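Read through the structure below, which is laid out as structure tokens, and then see the notes.
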There are 2 protein chains.
Amino acid sequence: MAGKIDPCGACDARPNSVCSAIEDTDLARLAAAATSTRIEAGRSFINEGDPADSFFNMTGGTATLYKLLPDGRRQITGFARAGDFLGLAVSSTYAFSAEAIDTVRVCRFPRRKMMELLDDFPAMERRLLARASNELVAAQEQMLLLGRKTAKERVASFLLAQYSRTRKCAHDASPIDLPMTRSDIGDYLGLTIETVSRTFTRLRKDAVIELPSTDSVIITDHDQLLEMAEGSSS
Amino acid sequence: MAGKIDPCGACDARPNSVCSAIEDTDLARLAAAATSTRIEAGRSFINEGDPADSFFNMTGGTATLYKLLPDGRRQITGFARAGDFLGLAVSSTYAFSAEAIDTVRVCRFPRRKMMELLDDFPAMERRLLARASNELVAAQEQMLLLGRKTAKERVASFLLAQYSRTRKCAHDASPIDLPMTRSDIGDYLGLTIETVSRTFTRLRKDAVIELPSTDSVIITDHDQLLEMAEGSSS
DNA sequence: CGTTATCTTGACGTACATCAAATGTCGTGG
DNA sequence: CCACGACATTTGATGTACGTCAAGATAACG
């Protein structure tokens with residue numbers, strides 16, 4: 001529980017989150033249902049298979065969402081950031097795990113209270129549906145990537161997605177922040193760290209990107225990267 | 001438009017579809033919004049990139065949902081059957097294509113009328129949200145399959161999914177119907193037809209499945225198939 | 001300024017793709 | 001009922017993109 005007087009009103013993430021469906025006058029209801037929590041880098045806050053008794057709204061930081069196979073193979077299904085809503089599930093247990101990459105802030109909603117909120121604020125439910133629809137589209141795009149794209153196409157697609165997540169206008173050459181490790185990128189793209197690394201340097205040698213540091217990228221040839229991502233160019 | 005008097009009340013698919021959220025007394029509203037259509041095998045009825053002006057509710061048959069790359073590579077993101085709802089998208093264009101495998105029946109809802117229905121029947125919206133959540137979970141499972149599983153694990157997972165889609169109780173040894181071709185299965189699992197075929201015969205030689213015909217399978221060792229699907233066994 | 005984790009680069013192996021041919025299946029018409 | 005052609009599936013031989021193993025190079029950190 002945030003000690004603040006009006007935590008939801010002051011929330012940076014509200015404009016991009018489902019919470020913006022709730023009017024200022026009803027913010028107290030929202031704030032009463034939520035508990036703001038801070039999660040240190042490396043800690044997981046959702047575990048696949050655990051009882052799904054909470055929903056989460058990310059308000060800061062970046063988290064990996066992933067599934068594991070018994071032998072430890074990992075598939076990252078997405079990176080969650082401020083505004084993202086987690087835990088949507090009909091099942092009584094979580095279908096995935098979530099782990100903080102850097103220090104993460106979330107609002108936690110007990111399942112029951114969240115349901116009550118949805119009953120009272122249908123606009124919020126519609127927001128959730130819109131969000132789920134978008135995620136579904138993204139998931140289908142990722143299936144195409146994982147099932148049919150080459151390593152080069154995967155990395156190119158990934159970089160473009162990271163790019164367009166923040167930048168609105170194309171042809172912006174400022175560096176893109178990559179808070180995740182190569183291992184995370186590999187597990188997201190269905191590749192190994194070695195292949196991710198090799199592909200990065202290949203793109204650099206092709207003069208499509210620059211790598212000012214290990215955790216940032218500059219796209220120098222946006223058009224060619226776009227062609228690469230869909231296999232139009234070699 | 002169905003010529004029947006009460007098409008929705010007589011609909012076989014209603015119990016498993018979002019339409020069941022609408023009470024019998026309001027069925028006329030539902031029926032007025034929908035147009036029932038028949039689609040021949042092989043014809044596509046949703047095309048990626050086209051204006052998304054209709055929603056579809058499958059009432060019969062099986063359809064492939066897929067995305068294409070410019071050079072023709074295809075990723076099937078799912079197989080839609082009676083009760084499935086298609087076209088959920090915030091975007092103004094479809095993000096995927098849909099093609100009938102056998103003869104398909106759908107109810108088509110114009111976007112605007114569908115929105116009005118959702119405004120008036122919040123229970124339907126909640127059903128859609130639940131459905132989207134489930135699809136999201138399935139999509140994450142498929143990402144794990146595409147990104148991290150071997151060919152054998154993929155085929156085993158696929159067969160188990162086909163199995164549990166119809167059968168409720170385990171240890172039912174009746175044949176599973178496979179309306180899709182090897183090519184469809186390959187494009188769904190991120191494999192080639194040859195690899196799918198080879199893996200089928202490998203599973204048959206391992207005495208885990210039987211192949212009474214090319215479009216049906218019998219699971220003879222459910223437990224071992226389950227182990228295979230997650231890589232617990234070799 | 002060593003210590004440790006992450007990233008890069010190289011040499012080699014392999015699971016699956018590709019290419020090619022044989023076999024099976026099914027509808028059509030003689 | 002059988003012959004035929006078109007197409008799907010199976011099976012085999014070979015290639016390759018990416019994985020695995022191993023060693024340095026960088027960067028993070030006390």
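Starting from 1 in every chain, residues are counted up; chains themselves are A, B, ... following the order of the structure tokens, and ligands are numbered from 1 as listed.
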Leaving out DT11 (chain D) and any residue of its chain fewer than 3 positions from it, which residues lie within 12 Å of it when counting only C-alpha atoms (C1' of nucleotides), given as a CSV table (one decimal) with all heavy atoms, in the first residue's frame?
chain,number,residue,atom,x,y,z
B,194,GLU,N,8.3,-32.9,-44.4
B,194,GLU,CA,9.1,-34.1,-44.3
B,194,GLU,C,9.4,-34.4,-42.9
B,194,GLU,O,9.3,-35.6,-42.4
B,194,GLU,CB,10.4,-33.9,-45.1
B,194,GLU,CG,10.3,-33.8,-46.6
B,194,GLU,CD,10.2,-32.4,-47.1
B,194,GLU,OE1,9.6,-31.5,-46.3
B,194,GLU,OE2,10.6,-32.1,-48.2
B,195,THR,N,9.8,-33.4,-42.1
B,195,THR,CA,10.1,-33.6,-40.7
B,195,THR,C,8.9,-34.1,-39.9
B,195,THR,O,9.0,-34.9,-39.1
B,195,THR,CB,10.7,-32.3,-40.1
B,195,THR,OG1,11.9,-32.0,-40.8
B,195,THR,CG2,11.1,-32.5,-38.6
B,197,SER,N,6.3,-35.7,-41.1
B,197,SER,CA,6.1,-37.1,-41.5
B,197,SER,C,7.1,-38.1,-40.9
B,197,SER,O,6.7,-39.1,-40.3
B,197,SER,CB,6.2,-37.2,-43.1
B,197,SER,OG,6.0,-38.5,-43.5
B,198,ARG,N,8.3,-37.7,-40.9
B,198,ARG,CA,9.4,-38.6,-40.3
B,198,ARG,C,9.1,-38.8,-38.8
B,198,ARG,O,9.2,-39.8,-38.2
B,198,ARG,CB,10.7,-38.0,-40.5
B,198,ARG,CG,11.4,-38.3,-41.8
B,198,ARG,CD,12.8,-37.8,-41.8
B,198,ARG,NE,12.9,-36.7,-42.7
B,198,ARG,CZ,13.3,-36.8,-44.0
B,198,ARG,NH1,13.5,-37.9,-44.5
B,198,ARG,NH2,13.4,-35.7,-44.7
B,199,THR,N,8.7,-37.7,-38.1
B,199,THR,CA,8.4,-37.7,-36.7
B,199,THR,C,7.2,-38.6,-36.4
B,199,THR,O,7.2,-39.3,-35.4
B,199,THR,CB,8.3,-36.3,-36.1
B,199,THR,OG1,9.3,-35.5,-36.6
B,199,THR,CG2,8.2,-36.3,-34.6
B,201,THR,N,6.2,-41.2,-38.1
B,201,THR,CA,6.6,-42.6,-38.2
B,201,THR,C,7.5,-43.0,-37.1
B,201,THR,O,7.5,-44.2,-36.6
B,201,THR,CB,7.3,-42.9,-39.6
B,201,THR,OG1,8.6,-42.3,-39.6
B,201,THR,CG2,6.5,-42.4,-40.7
C,20,DA,P,17.1,-31.6,-57.0
C,20,DA,OP1,18.3,-31.6,-57.9
C,20,DA,OP2,15.9,-30.8,-57.3
C,20,DA,O5',16.6,-33.1,-56.8
C,20,DA,C5',17.5,-34.1,-56.2
C,20,DA,C4',16.8,-35.4,-56.1
C,20,DA,O4',16.0,-35.4,-54.8
C,20,DA,C3',15.8,-35.7,-57.2
C,20,DA,O3',16.0,-37.1,-57.6
C,20,DA,C2',14.4,-35.6,-56.5
C,20,DA,C1',14.8,-36.0,-55.1
C,20,DA,N9,13.9,-35.6,-54.1
C,20,DA,C8,13.2,-34.4,-53.9
C,20,DA,N7,12.4,-34.3,-52.9
C,20,DA,C5,12.5,-35.6,-52.3
C,20,DA,C6,11.9,-36.1,-51.2
C,20,DA,N6,11.1,-35.5,-50.4
C,20,DA,N1,12.2,-37.4,-50.9
C,20,DA,C2,13.1,-38.1,-51.7
C,20,DA,N3,13.7,-37.6,-52.7
C,20,DA,C4,13.4,-36.4,-53.0
C,21,DA,P,15.4,-37.6,-59.0
C,21,DA,OP1,16.6,-38.0,-59.8
C,21,DA,OP2,14.4,-36.7,-59.5
C,21,DA,O5',14.7,-39.0,-58.5
C,21,DA,C5',15.4,-39.8,-57.6
C,21,DA,C4',14.3,-40.6,-56.8
C,21,DA,O4',13.6,-39.7,-55.9
C,21,DA,C3',13.3,-41.2,-57.7
C,21,DA,O3',13.2,-42.6,-57.4
C,21,DA,C2',12.0,-40.5,-57.3
C,21,DA,C1',12.3,-40.2,-55.8
C,21,DA,N9,11.5,-39.1,-55.2
C,21,DA,C8,11.3,-37.8,-55.8
C,21,DA,N7,10.5,-37.1,-55.0
C,21,DA,C5,10.2,-37.9,-53.9
C,21,DA,C6,9.4,-37.7,-52.8
C,21,DA,N6,8.8,-36.5,-52.5
C,21,DA,N1,9.4,-38.7,-51.9
C,21,DA,C2,10.0,-39.8,-52.1
C,21,DA,N3,10.8,-40.1,-53.2
C,21,DA,C4,10.8,-39.1,-54.0
C,22,DA,P,12.3,-43.6,-58.3
C,22,DA,OP1,13.2,-44.6,-58.9
C,22,DA,OP2,11.4,-42.8,-59.1
C,22,DA,O5',11.5,-44.3,-57.1
C,22,DA,C5',12.1,-44.7,-55.9
C,22,DA,C4',11.1,-45.0,-54.9
C,22,DA,O4',10.5,-43.7,-54.4
C,22,DA,C3',9.9,-45.9,-55.4
C,22,DA,O3',9.6,-46.8,-54.3
C,22,DA,C2',8.8,-44.9,-55.6
C,22,DA,C1',9.1,-43.8,-54.5
C,22,DA,N9,8.6,-42.5,-54.7
C,22,DA,C8,8.7,-41.7,-55.9
C,22,DA,N7,8.1,-40.6,-55.8
C,22,DA,C5,7.6,-40.5,-54.5
C,22,DA,C6,6.8,-39.6,-53.8
C,22,DA,N6,6.5,-38.4,-54.4
C,22,DA,N1,6.4,-39.9,-52.6
C,22,DA,C2,6.7,-41.1,-52.1
C,22,DA,N3,7.4,-42.1,-52.6
C,22,DA,C4,7.8,-41.7,-53.9
C,23,DT,P,8.6,-48.0,-54.6
C,23,DT,OP1,9.2,-49.2,-53.9
C,23,DT,OP2,8.2,-48.0,-56.0
C,23,DT,O5',7.3,-47.6,-53.7
C,23,DT,C5',7.5,-47.2,-52.4
C,23,DT,C4',6.2,-46.5,-51.9
C,23,DT,O4',6.1,-45.2,-52.5
C,23,DT,C3',4.9,-47.3,-52.3
C,23,DT,O3',4.3,-47.7,-51.1
C,23,DT,C2',4.1,-46.3,-53.1
C,23,DT,C1',4.7,-45.0,-52.6
C,23,DT,N1,4.5,-43.8,-53.5
C,23,DT,C2,3.9,-42.7,-53.1
C,23,DT,O2,3.4,-42.6,-52.0
C,23,DT,N3,3.8,-41.7,-54.0
C,23,DT,C4,4.3,-41.7,-55.3
C,23,DT,O4,4.2,-40.7,-56.0
C,23,DT,C5,5.0,-42.9,-55.7
C,23,DT,C7,5.6,-42.9,-57.0
C,23,DT,C6,5.1,-43.9,-54.8
### Task
Name all residues at most 12 Å from DA17 (chain D) (count only C-alpha atoms (C1' of nucleotides); drop same-chain ones fewer than 6 positions away) and give them as an MDAnalysis selection string.
(chainID A and resid 149:152 191 195) or (chainID C and resid 14:17)
Keeping only all heavy atoms, write those residues as a short mmCIF file (atom, residue, chain, number, x, y, z; two decimals), in the first residue's frame.
data_model
loop_
_atom_site.label_atom_id
_atom_site.label_comp_id
_atom_site.auth_asym_id
_atom_site.auth_seq_id
_atom_site.Cartn_x
_atom_site.Cartn_y
_atom_site.Cartn_z
N LYS A 149 11.23 -17.38 -39.17
CA LYS A 149 12.27 -16.43 -39.54
C LYS A 149 13.67 -16.95 -39.24
O LYS A 149 13.86 -17.73 -38.32
CB LYS A 149 12.04 -15.08 -38.83
CG LYS A 149 10.86 -14.30 -39.37
CD LYS A 149 10.78 -12.90 -38.78
CE LYS A 149 9.58 -12.13 -39.33
NZ LYS A 149 9.50 -10.77 -38.73
N THR A 150 14.64 -16.48 -40.01
CA THR A 150 16.04 -16.80 -39.76
C THR A 150 16.57 -15.95 -38.61
O THR A 150 15.92 -14.99 -38.18
CB THR A 150 16.90 -16.50 -41.00
OG1 THR A 150 16.90 -15.09 -41.21
CG2 THR A 150 16.36 -17.19 -42.23
N ALA A 151 17.77 -16.29 -38.13
CA ALA A 151 18.36 -15.56 -37.01
C ALA A 151 18.46 -14.06 -37.33
O ALA A 151 18.10 -13.21 -36.51
CB ALA A 151 19.74 -16.12 -36.68
N LYS A 152 18.93 -13.76 -38.53
CA LYS A 152 19.09 -12.36 -38.93
C LYS A 152 17.75 -11.64 -38.93
O LYS A 152 17.63 -10.52 -38.42
CB LYS A 152 19.71 -12.34 -40.33
CG LYS A 152 20.26 -11.00 -40.77
CD LYS A 152 20.94 -11.18 -42.12
CE LYS A 152 21.34 -9.87 -42.77
NZ LYS A 152 21.91 -10.12 -44.13
N LEU A 191 16.86 -18.28 -29.85
CA LEU A 191 18.23 -18.45 -30.30
C LEU A 191 19.15 -18.62 -29.10
O LEU A 191 18.71 -18.49 -27.96
CB LEU A 191 18.68 -17.22 -31.10
CG LEU A 191 17.88 -16.86 -32.36
CD1 LEU A 191 18.30 -15.49 -32.88
CD2 LEU A 191 18.05 -17.92 -33.43
N THR A 195 24.54 -16.96 -31.01
CA THR A 195 23.95 -16.58 -32.30
C THR A 195 23.47 -15.12 -32.26
O THR A 195 23.64 -14.39 -33.23
CB THR A 195 22.78 -17.51 -32.66
OG1 THR A 195 23.28 -18.85 -32.74
CG2 THR A 195 22.16 -17.15 -33.98
P DT C 14 27.57 -34.74 -33.19
OP1 DT C 14 27.41 -35.54 -31.98
OP2 DT C 14 28.06 -35.32 -34.46
"O5'" DT C 14 26.17 -34.06 -33.50
"C5'" DT C 14 25.64 -33.08 -32.61
"C4'" DT C 14 24.33 -32.56 -33.17
"O4'" DT C 14 24.61 -31.53 -34.17
"C3'" DT C 14 23.48 -33.61 -33.90
"O3'" DT C 14 22.12 -33.32 -33.67
"C2'" DT C 14 23.82 -33.37 -35.37
"C1'" DT C 14 23.93 -31.85 -35.36
N1 DT C 14 24.71 -31.27 -36.48
C2 DT C 14 24.29 -30.07 -37.01
O2 DT C 14 23.32 -29.47 -36.61
N3 DT C 14 25.06 -29.61 -38.04
C4 DT C 14 26.19 -30.21 -38.57
O4 DT C 14 26.80 -29.70 -39.50
C5 DT C 14 26.56 -31.46 -37.97
C7 DT C 14 27.78 -32.19 -38.48
C6 DT C 14 25.82 -31.93 -36.96
P DA C 15 21.09 -34.39 -33.10
OP1 DA C 15 21.43 -34.67 -31.69
OP2 DA C 15 21.03 -35.49 -34.10
"O5'" DA C 15 19.72 -33.59 -33.13
"C5'" DA C 15 19.67 -32.26 -32.63
"C4'" DA C 15 18.85 -31.38 -33.57
"O4'" DA C 15 19.63 -31.06 -34.74
"C3'" DA C 15 17.57 -32.02 -34.08
"O3'" DA C 15 16.56 -31.02 -34.05
"C2'" DA C 15 17.92 -32.46 -35.51
"C1'" DA C 15 18.95 -31.44 -35.92
N9 DA C 15 19.99 -31.93 -36.85
C8 DA C 15 20.54 -33.19 -36.87
N7 DA C 15 21.47 -33.33 -37.79
C5 DA C 15 21.55 -32.08 -38.40
C6 DA C 15 22.35 -31.59 -39.45
N6 DA C 15 23.26 -32.31 -40.08
N1 DA C 15 22.16 -30.30 -39.81
C2 DA C 15 21.25 -29.57 -39.17
N3 DA C 15 20.44 -29.93 -38.17
C4 DA C 15 20.64 -31.21 -37.83
P DC C 16 15.02 -31.38 -34.32
OP1 DC C 16 14.24 -30.57 -33.37
OP2 DC C 16 14.87 -32.84 -34.38
"O5'" DC C 16 14.78 -30.79 -35.77
"C5'" DC C 16 15.04 -29.40 -35.99
"C4'" DC C 16 15.31 -29.16 -37.45
"O4'" DC C 16 16.48 -29.88 -37.87
"C3'" DC C 16 14.21 -29.55 -38.42
"O3'" DC C 16 13.74 -28.38 -39.03
"C2'" DC C 16 14.88 -30.54 -39.37
"C1'" DC C 16 16.35 -30.16 -39.24
N1 DC C 16 17.31 -31.23 -39.60
C2 DC C 16 18.33 -30.94 -40.50
O2 DC C 16 18.42 -29.80 -40.97
N3 DC C 16 19.21 -31.91 -40.84
C4 DC C 16 19.09 -33.14 -40.32
N4 DC C 16 19.98 -34.07 -40.68
C5 DC C 16 18.04 -33.45 -39.39
C6 DC C 16 17.18 -32.48 -39.06
P DA C 17 12.74 -28.31 -40.28
OP1 DA C 17 11.90 -27.12 -40.08
OP2 DA C 17 12.13 -29.63 -40.49
"O5'" DA C 17 13.73 -27.99 -41.50
"C5'" DA C 17 14.54 -26.83 -41.44
"C4'" DA C 17 15.21 -26.57 -42.78
"O4'" DA C 17 16.22 -27.57 -43.02
"C3'" DA C 17 14.30 -26.60 -43.99
"O3'" DA C 17 14.72 -25.60 -44.91
"C2'" DA C 17 14.48 -28.02 -44.54
"C1'" DA C 17 15.92 -28.34 -44.17
N9 DA C 17 16.14 -29.74 -43.81
C8 DA C 17 15.47 -30.46 -42.86
N7 DA C 17 15.89 -31.69 -42.74
C5 DA C 17 16.90 -31.80 -43.69
C6 DA C 17 17.73 -32.87 -44.06
N6 DA C 17 17.69 -34.08 -43.49
N1 DA C 17 18.63 -32.64 -45.04
C2 DA C 17 18.68 -31.42 -45.60
N3 DA C 17 17.95 -30.34 -45.33
C4 DA C 17 17.07 -30.60 -44.35
#
Quick one: pick out all strand (DSSP E or B) residues within region 2-234 of chain A from a backbone DSSP run and write them as a short mmCIF file (atom, residue, chain, number, x, y, z; two decimals) with N, CA, C and O atoms, in the first residue's frame.
data_model
loop_
_atom_site.label_atom_id
_atom_site.label_comp_id
_atom_site.auth_asym_id
_atom_site.auth_seq_id
_atom_site.Cartn_x
_atom_site.Cartn_y
_atom_site.Cartn_z
N THR A 35 -2.08 -2.28 -4.19
CA THR A 35 -0.94 -2.19 -3.29
C THR A 35 0.30 -1.99 -4.15
O THR A 35 0.63 -2.85 -4.97
N SER A 36 0.98 -0.86 -3.95
CA SER A 36 2.16 -0.60 -4.75
C SER A 36 3.37 -1.32 -4.14
O SER A 36 3.58 -1.27 -2.93
N THR A 37 4.13 -2.01 -4.96
CA THR A 37 5.28 -2.77 -4.46
C THR A 37 6.50 -2.51 -5.33
O THR A 37 6.37 -2.23 -6.51
N ARG A 38 7.66 -2.67 -4.70
CA ARG A 38 8.91 -2.49 -5.41
C ARG A 38 9.59 -3.85 -5.47
O ARG A 38 9.66 -4.57 -4.47
N ILE A 39 10.09 -4.23 -6.64
CA ILE A 39 10.76 -5.52 -6.80
C ILE A 39 12.18 -5.30 -7.30
O ILE A 39 12.40 -4.64 -8.31
N SER A 44 11.83 -12.67 -8.92
CA SER A 44 10.63 -12.96 -9.68
C SER A 44 9.42 -12.68 -8.82
O SER A 44 9.44 -12.87 -7.61
N PHE A 45 8.36 -12.21 -9.42
CA PHE A 45 7.16 -11.85 -8.66
C PHE A 45 5.92 -12.58 -9.15
O PHE A 45 4.85 -12.46 -8.57
N ILE A 46 6.05 -13.36 -10.23
CA ILE A 46 4.98 -14.28 -10.64
C ILE A 46 5.66 -15.60 -10.95
O ILE A 46 6.68 -15.63 -11.64
N PRO A 51 -0.90 -20.29 -7.44
CA PRO A 51 -2.28 -19.79 -7.48
C PRO A 51 -2.31 -18.35 -7.98
O PRO A 51 -1.55 -17.51 -7.48
N SER A 54 -3.49 -12.71 -7.69
CA SER A 54 -3.30 -11.27 -7.88
C SER A 54 -3.14 -10.91 -9.35
O SER A 54 -2.68 -11.72 -10.15
N PHE A 55 -3.55 -9.70 -9.66
CA PHE A 55 -3.23 -9.10 -10.95
C PHE A 55 -2.18 -8.03 -10.70
O PHE A 55 -2.09 -7.50 -9.59
N PHE A 56 -1.41 -7.70 -11.73
CA PHE A 56 -0.36 -6.71 -11.56
C PHE A 56 -0.44 -5.67 -12.65
O PHE A 56 -0.69 -5.99 -13.81
N ASN A 57 -0.21 -4.43 -12.25
CA ASN A 57 -0.06 -3.38 -13.23
C ASN A 57 1.34 -2.81 -13.08
O ASN A 57 1.69 -2.31 -12.01
N MET A 58 2.15 -2.92 -14.10
CA MET A 58 3.52 -2.42 -14.04
C MET A 58 3.50 -0.89 -14.02
O MET A 58 2.82 -0.27 -14.84
N THR A 59 4.26 -0.31 -13.11
CA THR A 59 4.34 1.15 -13.08
C THR A 59 5.76 1.65 -13.30
O THR A 59 5.99 2.84 -13.43
N GLY A 60 6.74 0.73 -13.33
CA GLY A 60 8.11 1.14 -13.61
C GLY A 60 9.02 -0.05 -13.81
O GLY A 60 8.73 -1.15 -13.35
N THR A 62 11.43 -2.91 -16.06
CA THR A 62 11.18 -3.90 -17.11
C THR A 62 11.24 -5.30 -16.51
O THR A 62 12.10 -5.57 -15.68
N ALA A 63 10.32 -6.15 -16.94
CA ALA A 63 10.30 -7.53 -16.45
C ALA A 63 10.26 -8.49 -17.61
O ALA A 63 9.74 -8.17 -18.68
N THR A 64 10.85 -9.67 -17.41
CA THR A 64 10.71 -10.72 -18.42
C THR A 64 9.53 -11.59 -18.04
O THR A 64 9.33 -11.93 -16.88
N LEU A 65 8.74 -11.98 -19.03
CA LEU A 65 7.67 -12.95 -18.86
C LEU A 65 8.14 -14.21 -19.55
O LEU A 65 8.55 -14.15 -20.72
N TYR A 66 8.12 -15.34 -18.88
CA TYR A 66 8.70 -16.54 -19.50
C TYR A 66 8.05 -17.82 -19.03
O TYR A 66 7.35 -17.86 -18.02
N LYS A 67 8.30 -18.85 -19.80
CA LYS A 67 7.89 -20.21 -19.46
C LYS A 67 9.12 -21.12 -19.50
O LYS A 67 10.03 -20.88 -20.28
N LEU A 68 9.12 -22.12 -18.66
CA LEU A 68 10.26 -23.04 -18.59
C LEU A 68 9.85 -24.45 -18.96
O LEU A 68 8.71 -24.85 -18.72
N ARG A 74 14.27 -22.14 -21.55
CA ARG A 74 13.39 -21.02 -21.23
C ARG A 74 12.91 -20.34 -22.49
O ARG A 74 13.68 -20.15 -23.43
N GLN A 75 11.65 -19.97 -22.53
CA GLN A 75 11.14 -19.13 -23.61
C GLN A 75 10.58 -17.87 -23.00
O GLN A 75 9.64 -17.93 -22.20
N ILE A 76 11.17 -16.75 -23.34
CA ILE A 76 10.63 -15.46 -22.90
C ILE A 76 9.52 -15.09 -23.86
O ILE A 76 9.72 -15.06 -25.07
N THR A 77 8.33 -14.85 -23.33
CA THR A 77 7.18 -14.57 -24.19
C THR A 77 6.97 -13.07 -24.36
O THR A 77 6.19 -12.66 -25.22
N GLY A 78 7.66 -12.29 -23.56
CA GLY A 78 7.54 -10.85 -23.71
C GLY A 78 8.30 -10.09 -22.64
O GLY A 78 8.72 -10.67 -21.64
N PHE A 79 8.49 -8.82 -22.88
CA PHE A 79 9.09 -7.93 -21.89
C PHE A 79 8.01 -6.96 -21.45
O PHE A 79 7.40 -6.28 -22.28
N ALA A 80 7.74 -6.92 -20.15
CA ALA A 80 6.68 -6.04 -19.64
C ALA A 80 7.28 -4.74 -19.13
O ALA A 80 8.33 -4.76 -18.49
N ARG A 81 6.60 -3.64 -19.40
CA ARG A 81 7.08 -2.32 -18.98
C ARG A 81 5.94 -1.52 -18.37
O ARG A 81 4.81 -1.99 -18.31
N PHE A 85 -0.29 -4.71 -18.14
CA PHE A 85 -1.13 -5.38 -17.17
C PHE A 85 -0.86 -6.88 -17.22
O PHE A 85 -0.93 -7.49 -18.29
N LEU A 86 -0.56 -7.47 -16.08
CA LEU A 86 -0.17 -8.89 -16.05
C LEU A 86 -1.11 -9.73 -15.20
O LEU A 86 -1.69 -9.26 -14.23
N THR A 93 -4.33 -20.81 -11.83
CA THR A 93 -2.88 -20.69 -11.62
C THR A 93 -2.25 -19.87 -12.75
O THR A 93 -2.79 -19.82 -13.85
N SER A 97 5.84 -17.09 -15.73
CA SER A 97 6.56 -16.47 -14.63
C SER A 97 6.98 -15.07 -15.05
O SER A 97 7.06 -14.78 -16.24
N ALA A 98 7.22 -14.22 -14.06
CA ALA A 98 7.69 -12.86 -14.34
C ALA A 98 8.84 -12.54 -13.42
O ALA A 98 8.79 -12.84 -12.22
N GLU A 99 9.90 -11.95 -14.00
CA GLU A 99 11.09 -11.64 -13.22
C GLU A 99 11.57 -10.24 -13.58
O GLU A 99 11.58 -9.86 -14.75
N ALA A 100 11.96 -9.49 -12.56
CA ALA A 100 12.42 -8.12 -12.77
C ALA A 100 13.80 -8.10 -13.40
O ALA A 100 14.70 -8.81 -12.96
N VAL A 104 11.76 -3.00 -10.46
CA VAL A 104 10.42 -2.90 -11.01
C VAL A 104 9.46 -2.38 -9.96
O VAL A 104 9.61 -2.67 -8.77
N ARG A 105 8.48 -1.63 -10.41
CA ARG A 105 7.39 -1.21 -9.52
C ARG A 105 6.07 -1.71 -10.10
O ARG A 105 5.84 -1.58 -11.30
N VAL A 106 5.28 -2.32 -9.26
CA VAL A 106 3.98 -2.81 -9.71
C VAL A 106 2.89 -2.40 -8.72
O VAL A 106 3.17 -2.16 -7.55
N CYS A 107 1.66 -2.31 -9.25
CA CYS A 107 0.50 -2.25 -8.38
C CYS A 107 -0.12 -3.64 -8.39
O CYS A 107 -0.41 -4.17 -9.45
N ARG A 108 -0.32 -4.18 -7.21
CA ARG A 108 -0.90 -5.51 -7.10
C ARG A 108 -2.38 -5.38 -6.74
O ARG A 108 -2.74 -4.64 -5.81
N PHE A 109 -3.24 -6.07 -7.48
CA PHE A 109 -4.68 -6.08 -7.19
C PHE A 109 -5.10 -7.49 -6.82
O PHE A 109 -4.95 -8.40 -7.63
N PRO A 110 -5.64 -7.68 -5.63
CA PRO A 110 -6.19 -9.00 -5.31
C PRO A 110 -7.28 -9.34 -6.33
O PRO A 110 -8.06 -8.46 -6.73
N ILE A 176 18.90 3.15 -28.79
CA ILE A 176 17.83 2.39 -28.16
C ILE A 176 18.41 1.68 -26.94
O ILE A 176 19.47 1.08 -27.01
N ASP A 177 17.68 1.76 -25.86
CA ASP A 177 18.12 1.14 -24.62
C ASP A 177 17.74 -0.35 -24.63
O ASP A 177 16.61 -0.71 -24.96
N ILE A 209 23.46 -1.16 -38.10
CA ILE A 209 23.35 -0.68 -36.72
C ILE A 209 24.73 -0.30 -36.19
O ILE A 209 25.76 -0.65 -36.78
N GLU A 210 24.72 0.44 -35.06
CA GLU A 210 25.94 0.69 -34.30
C GLU A 210 25.71 0.18 -32.89
O GLU A 210 24.59 0.16 -32.41
N LEU A 211 26.80 -0.23 -32.24
CA LEU A 211 26.68 -0.75 -30.87
C LEU A 211 27.56 0.06 -29.93
O LEU A 211 28.66 -0.38 -29.56
N PRO A 212 27.09 1.25 -29.56
CA PRO A 212 27.90 2.14 -28.72
C PRO A 212 28.26 1.48 -27.39
O PRO A 212 29.32 1.75 -26.84
N SER A 213 27.40 0.64 -26.87
CA SER A 213 27.69 -0.11 -25.66
C SER A 213 26.96 -1.43 -25.76
O SER A 213 26.17 -1.64 -26.68
N SER A 216 22.96 -0.92 -25.59
CA SER A 216 22.26 0.08 -26.41
C SER A 216 22.63 -0.13 -27.88
O SER A 216 23.69 -0.66 -28.20
N VAL A 217 21.71 0.28 -28.74
CA VAL A 217 21.90 0.11 -30.19
C VAL A 217 21.45 1.38 -30.88
O VAL A 217 20.51 2.05 -30.43
N ILE A 218 22.10 1.71 -31.96
CA ILE A 218 21.63 2.78 -32.83
C ILE A 218 21.34 2.18 -34.20
O ILE A 218 22.17 1.47 -34.76
N ILE A 219 20.15 2.43 -34.68
CA ILE A 219 19.79 1.97 -36.02
C ILE A 219 20.25 3.03 -37.01
O ILE A 219 19.76 4.16 -36.98
#
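With only C-alpha atoms (C1' of nucleotides) as the basis for measurement, B:Thr192 is the residue among B:Thr166, B:Thr192, B:Thr214, B:Ser232 that approaches DT18 (chain C) most closely.
Here the residues within region 6-106 of chain A that DSSP labels alpha helix (DSSP H) on the basis of the backbone are Leu27, Ala28, Arg29, Leu30, Ala31, Ala32 and Ala33 of chain A.
Residue-level contacts from chain D to chain A at 9 Å, counting only C-alpha atoms (C1' of nucleotides), read DA17, DC18, DG19 and DA27 of chain D.
Within 7 Å of chain A, chain B contributes the residues Lys67, Leu69, Pro70, Arg73, Gln75, Thr77, Leu88, Ala89, Val90, Ala95, Leu129, Ala130, Ala132, Ser133, Asn134, Leu136, Val137, Ala139, Gln140, Met143, Leu144, Leu146, Gly147, Arg148, Leu189, Gly190, Glu230 and Ser232 of chain B, using only C-alpha atoms.
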